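K.L.:
My structure file work-v2.pdb, PDB, C-alpha atoms, is below:
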```pdb
ATOM      1  CA  MET F 387     -48.924  72.990  35.933
ATOM      2  CA  ALA F 388     -48.274  71.933  32.366
ATOM      3  CA  ASN F 389     -47.202  68.437  31.420
ATOM      4  CA  ILE F 390     -43.409  67.981  31.253
ATOM      5  CA  PHE F 391     -43.816  66.622  27.724
ATOM      6  CA  ALA F 392     -45.847  69.617  26.547
ATOM      7  CA  GLN F 393     -44.329  72.009  24.015
ATOM      8  CA  THR F 394     -43.210  75.326  25.498
ATOM      9  CA  ASN F 395     -41.569  78.592  24.458
ATOM     10  CA  ILE F 396     -38.670  80.509  25.934
ATOM     11  CA  LYS F 397     -38.327  84.028  24.540
ATOM     12  CA  GLY F 398     -39.601  82.961  21.114
ATOM     13  CA  MET F 399     -37.651  79.683  21.025
ATOM     14  CA  THR F 400     -40.027  76.723  20.786
ATOM     15  CA  LEU F 401     -39.046  73.610  22.712
ATOM     16  CA  LYS F 402     -40.675  70.285  21.928
ATOM     17  CA  ASN F 403     -40.957  69.616  25.682
ATOM     18  CA  ARG F 404     -39.816  70.927  29.048
ATOM     19  CA  LEU F 405     -36.887  68.544  29.425
ATOM     20  CA  ILE F 406     -33.710  70.597  29.708
ATOM     21  CA  ARG F 407     -30.246  69.163  30.128
ATOM     22  CA  SER F 408     -28.341  71.510  32.395
ATOM     23  CA  ALA F 409     -24.882  72.749  31.507
ATOM     24  CA  THR F 410     -22.462  69.996  32.483
ATOM     25  CA  TRP F 411     -18.704  69.719  32.066
ATOM     26  CA  GLU F 412     -18.188  66.428  30.238
ATOM     27  CA  ASN F 413     -14.348  66.354  30.265
ATOM     28  CA  MET F 414     -14.364  64.874  26.739
ATOM     29  CA  ALA F 415     -12.903  67.582  24.470
ATOM     30  CA  ASP F 416      -9.309  67.312  23.287
ATOM     31  CA  ASP F 417      -6.450  69.255  24.898
ATOM     32  CA  LYS F 418      -7.148  72.345  22.738
ATOM     33  CA  GLY F 419     -10.903  72.277  23.389
ATOM     34  CA  HIS F 420     -11.991  70.652  20.134
ATOM     35  CA  MET F 421     -14.922  68.271  19.920
ATOM     36  CA  THR F 422     -14.228  64.534  19.937
ATOM     37  CA  ASP F 423     -16.368  61.732  18.531
ATOM     38  CA  LYS F 424     -17.224  60.723  22.090
ATOM     39  CA  LEU F 425     -18.485  64.237  22.807
ATOM     40  CA  PHE F 426     -20.511  64.413  19.586
ATOM     41  CA  ASN F 427     -22.109  61.102  20.573
ATOM     42  CA  VAL F 428     -23.088  62.414  24.025
ATOM     43  CA  TYR F 429     -24.964  65.350  22.527
ATOM     44  CA  GLU F 430     -26.560  63.320  19.768
ATOM     45  CA  ASP F 431     -27.727  60.718  22.313
ATOM     46  CA  LEU F 432     -29.287  63.470  24.443
ATOM     47  CA  ALA F 433     -31.161  64.819  21.428
ATOM     48  CA  LYS F 434     -32.211  61.331  20.262
ATOM     49  CA  GLY F 435     -33.395  60.601  23.787
ATOM     50  CA  GLY F 436     -35.905  63.431  23.591
ATOM     51  CA  VAL F 437     -34.340  66.319  25.499
ATOM     52  CA  GLY F 438     -36.047  69.548  24.436
ATOM     53  CA  MET F 439     -33.074  71.829  25.089
ATOM     54  CA  ILE F 440     -29.428  71.038  25.770
ATOM     55  CA  LEU F 441     -27.065  73.479  27.457
ATOM     56  CA  THR F 442     -23.491  72.577  26.541
ATOM     57  CA  GLY F 443     -20.608  72.134  28.890
ATOM     58  CA  TYR F 444     -18.763  75.388  29.265
ATOM     59  CA  ALA F 445     -16.524  76.513  26.428
ATOM     60  CA  PHE F 446     -13.512  78.670  27.215
ATOM     61  CA  ILE F 447     -13.156  81.939  25.356
ATOM     62  CA  LEU F 448      -9.400  82.640  25.571
ATOM     63  CA  GLU F 449      -6.940  80.033  24.310
ATOM     64  CA  GLN F 450      -4.425  80.575  27.105
ATOM     65  CA  GLU F 451      -7.048  80.270  29.849
ATOM     66  CA  GLN F 452      -8.547  76.768  29.637
ATOM     67  CA  PRO F 453      -9.795  76.299  33.219
ATOM     68  CA  ASN F 454     -10.175  72.515  33.181
ATOM     69  CA  PRO F 455      -9.046  69.527  31.142
ATOM     70  CA  GLY F 456     -11.383  68.189  28.497
ATOM     71  CA  MET F 457     -13.229  71.492  28.311
ATOM     72  CA  MET F 458     -14.744  72.676  25.037
ATOM     73  CA  GLY F 459     -13.234  75.804  23.494
ATOM     74  CA  ILE F 460     -14.680  78.609  21.393
ATOM     75  CA  TYR F 461     -11.756  81.039  21.334
ATOM     76  CA  ASP F 462     -11.104  80.901  17.572
ATOM     77  CA  ASP F 463     -13.079  80.795  14.329
ATOM     78  CA  CYS F 464     -11.695  77.298  13.665
ATOM     79  CA  PHE F 465     -14.361  75.991  16.088
ATOM     80  CA  ILE F 466     -17.297  77.180  13.975
ATOM     81  CA  ALA F 467     -17.332  74.214  11.569
ATOM     82  CA  GLU F 468     -17.248  71.556  14.288
ATOM     83  CA  TYR F 469     -19.982  73.338  16.229
ATOM     84  CA  GLN F 470     -22.042  73.538  13.034
ATOM     85  CA  ARG F 471     -21.777  69.746  12.930
ATOM     86  CA  LEU F 472     -22.898  69.611  16.572
ATOM     87  CA  THR F 473     -25.892  71.920  16.139
ATOM     88  CA  THR F 474     -26.954  70.040  13.006
ATOM     89  CA  LEU F 475     -26.845  66.712  14.893
ATOM     90  CA  VAL F 476     -29.005  68.122  17.670
ATOM     91  CA  HIS F 477     -31.437  69.956  15.377
ATOM     92  CA  GLN F 478     -32.020  66.764  13.343
ATOM     93  CA  HIS F 479     -33.830  65.422  16.418
ATOM     94  CA  ASN F 480     -35.931  68.572  16.883
ATOM     95  CA  SER F 481     -33.943  69.575  19.986
ATOM     96  CA  ARG F 482     -32.472  72.984  20.759
ATOM     97  CA  ILE F 483     -28.901  73.615  21.871
ATOM     98  CA  VAL F 484     -27.487  76.568  23.798
ATOM     99  CA  ALA F 485     -23.752  77.254  24.153
ATOM    100  CA  GLN F 486     -22.345  77.997  27.589
ATOM    101  CA  ILE F 487     -19.273  80.231  27.261
ATOM    102  CA  ALA F 488     -16.993  80.987  30.174
ATOM    103  CA  TYR F 489     -13.887  82.542  31.600
ATOM    104  CA  GLY F 490     -12.825  80.475  34.601
ATOM    105  CA  GLY F 491     -10.316  82.827  36.169
ATOM    106  CA  SER F 492      -9.120  81.527  39.517
ATOM    107  CA  GLN F 493     -11.698  78.718  39.358
ATOM    108  CA  THR F 494      -9.210  76.537  37.505
ATOM    109  CA  GLY F 495      -8.158  72.940  37.885
ATOM    110  CA  TYR F 496      -5.155  73.313  35.577
ATOM    111  CA  PRO F 497      -1.677  74.296  36.731
ATOM    112  CA  THR F 498      -1.335  78.057  36.526
ATOM    113  CA  ALA F 499       2.453  78.305  36.081
ATOM    114  CA  GLY F 500       3.236  80.344  32.990
ATOM    115  CA  ARG F 501      -0.345  81.543  32.599
ATOM    116  CA  ILE F 502      -1.929  84.843  33.551
ATOM    117  CA  ILE F 503      -5.153  84.210  35.425
ATOM    118  CA  TRP F 504      -7.309  87.314  35.770
ATOM    119  CA  GLY F 505      -9.607  88.193  38.615
ATOM    120  CA  PRO F 506     -11.182  91.289  40.149
ATOM    121  CA  SER F 507      -8.389  91.404  42.754
ATOM    122  CA  ALA F 508      -5.280  89.460  43.766
ATOM    123  CA  ILE F 509      -7.033  87.460  46.475
ATOM    124  CA  ALA F 510      -6.728  83.670  46.605
ATOM    125  CA  ASP F 511      -9.760  81.696  45.513
ATOM    126  CA  LEU F 512     -11.148  79.846  48.533
ATOM    127  CA  ALA F 513     -11.725  76.611  46.593
ATOM    128  CA  THR F 514      -8.584  76.426  44.437
ATOM    129  CA  GLY F 515      -6.054  78.619  46.258
ATOM    130  CA  VAL F 516      -5.208  80.311  42.933
ATOM    131  CA  ILE F 517      -4.267  83.964  43.299
ATOM    132  CA  PRO F 518      -5.354  85.808  40.157
ATOM    133  CA  THR F 519      -3.785  88.904  38.674
ATOM    134  CA  ALA F 520      -5.985  91.925  39.350
ATOM    135  CA  MET F 521      -7.515  93.037  36.063
ATOM    136  CA  THR F 522      -6.756  96.387  34.474
ATOM    137  CA  GLN F 523      -9.237  98.315  32.344
ATOM    138  CA  ASP F 524      -7.481  96.918  29.249
ATOM    139  CA  ASP F 525      -7.824  93.359  30.587
ATOM    140  CA  ILE F 526     -11.527  93.924  31.177
ATOM    141  CA  ALA F 527     -11.926  95.251  27.627
ATOM    142  CA  THR F 528     -10.080  92.195  26.270
ATOM    143  CA  LEU F 529     -12.369  89.859  28.194
ATOM    144  CA  VAL F 530     -15.516  91.688  27.054
ATOM    145  CA  GLN F 531     -14.298  91.449  23.444
ATOM    146  CA  ALA F 532     -13.530  87.724  23.875
ATOM    147  CA  PHE F 533     -17.047  87.025  25.189
ATOM    148  CA  GLY F 534     -18.552  88.941  22.267
ATOM    149  CA  ALA F 535     -16.421  87.107  19.704
ATOM    150  CA  ALA F 536     -17.302  83.743  21.274
ATOM    151  CA  ALA F 537     -21.011  84.595  21.165
ATOM    152  CA  LYS F 538     -20.697  85.523  17.467
ATOM    153  CA  ARG F 539     -19.002  82.177  16.787
ATOM    154  CA  ALA F 540     -21.812  80.361  18.595
ATOM    155  CA  GLN F 541     -24.355  82.226  16.476
ATOM    156  CA  ALA F 542     -22.448  81.440  13.262
ATOM    157  CA  ALA F 543     -22.351  77.765  14.264
ATOM    158  CA  GLY F 544     -26.131  77.615  14.603
ATOM    159  CA  PHE F 545     -26.606  77.497  18.363
ATOM    160  CA  ASP F 546     -30.075  78.521  19.489
ATOM    161  CA  GLY F 547     -28.703  80.712  22.247
ATOM    162  CA  VAL F 548     -25.722  81.540  24.429
TER     163      VAL F 548
END
```
Can you dump the structure from the file as structure tokens?
P.N.:
Amino acid sequence: MANIFAQTNIKGMTLKNRLIRSATWENMADDKGHMTDKLFNVYEDLAKGGVGMILTGYAFILEQEQPNPGMMGIYDDCFIAEYQRLTTLVHQHNSRIVAQIAYGGSQTGYPTAGRIIWGPSAIADLATGVIPTAMTQDDIATLVQAFGAAAKRAQAAGFDGV
């Protein structure tokens, strides 16, 4: 087995080592999902500390569907500039950064009153008790489009992957 500090490649992306920070919800974004100084510092410290690749906490792709407080968002082009700052901070330390994008659906810790929460069927989630609205074909198309738009934003912001 190779040394954990040895350079490696993942699908053409070179990592300075095999240390990977798994995707972790930090609960440090603001109430709209924007980066905070505290959150920038977490990622910069990981990169400074020598992590080869960082997977971000999950970023929600539809504004009205933030599954948890303090969660990063990527539902609008206004996020591109702040994520460019983030990717630049990480890249300055020769680390890679991959954006995790998500739709939480019934896996939500936020109150659901006044929100439409989609799911494959109207069956309560065993962990949260939330009963989602069964998705229509149009809802599915909307969600597919939202994932694609979020991935394009991540690419425009300089993430190394999604």
K.L.:
Run the PyMOL selection byres ((chain F and resi 447) around 8) on the file and write out the hits as an MDAnalysis selection string.
P.N.:
chainID F and resid 445:446 448:449 451 459:461 487:489 532:533 536
K.L.:
Do you know which residues the PyMOL selection byres ((chain F and resi 435-440) around 6) returns on this file, as a ChimeraX atom specification?
P.N.:
/F:401-403,405-407,431-434,441,481-483
K.L.:
For range 503-517 of chain F, please output as JSON, numbers by chain all residues within 8 Å (counting all atoms listed in the file; exclusion window: fewer than 2 positions along the same chain).
P.N.:
{"F": [451, 491, 492, 493, 494, 495, 498, 501, 519, 520, 521, 525]}
K.L.:
List every protein, DNA or RNA residue that has at least one atom no more than 10 Å from (-20.5, 68.6, 34.3) in the file's coordinates, counting only C-alpha atoms, and write the result as a list in words.
P.N.:
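Nearby residues: Ser408, Ala409, Thr410, Trp411, Glu412, Asn413, Thr442, Gly443, Tyr444 and Met457 of chain F.
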K.L.:
Any chance you could work out the residue set of the PyMOL selection byres ((chain F and resi 389) around 12) here, as a PyMOL selection string?
P.N.:
chain F and resi 387-388+390-394+402-405
K.L.:
Would you please work out which residue, of F:Met421, F:Met399, F:Ala537, F:Ala499, is nearest to Ala467 in chain F when using only C-alpha atoms?
P.N.:
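Selected residue with least distance to Ala467 in chain F: F:Met421.
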K.L.:
What is the CA of Ala542 in chain F to CA of Phe465 in chain F distance in Å?
P.N.:
10.2 Å
K.L.:
Using only C-alpha atoms, which of the listed residues (F:Ile396, F:Ile502, F:Val428, F:Val548) sits closest to Ala485 in chain F?
P.N.:
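Once distances to Ala485 in chain F are computed over only C-alpha atoms, the minimum belongs to F:Val548.
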K.L.:
Quote the spacing between CA of Ala543 in chain F and CA of Tyr469 in chain F in Å to one decimal place.
P.N.:
5.4 Å
K.L.:
Would you please work out which residue, of F:Met458, F:Leu425, F:Ala415, F:Ala527, is nearest to Leu475 in chain F when using all atoms listed in the file?
P.N.:
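Using all atoms listed in the file, the shortest distance to Leu475 in chain F belongs to F:Leu425.
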K.L.:
Would you work out the distance separating CA of Gly419 in chain F from CA of Thr522 in chain F, expressed in Å to one decimal?
P.N.:
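So the answer is 26.9 Å.
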K.L.:
Please return the centre and edge lengths, in Å to one decimal, of a box with edges along x, y and z that contains all listed atoms of range 468-478 of chain F, widened by 3 Å on every side, as lines of an AutoDock Vina configuration file.
P.N.:
```
center_x = -24.6
center_y = 70.1
center_z = 15.3
size_x = 20.8
size_y = 12.8
size_z = 10.7
```
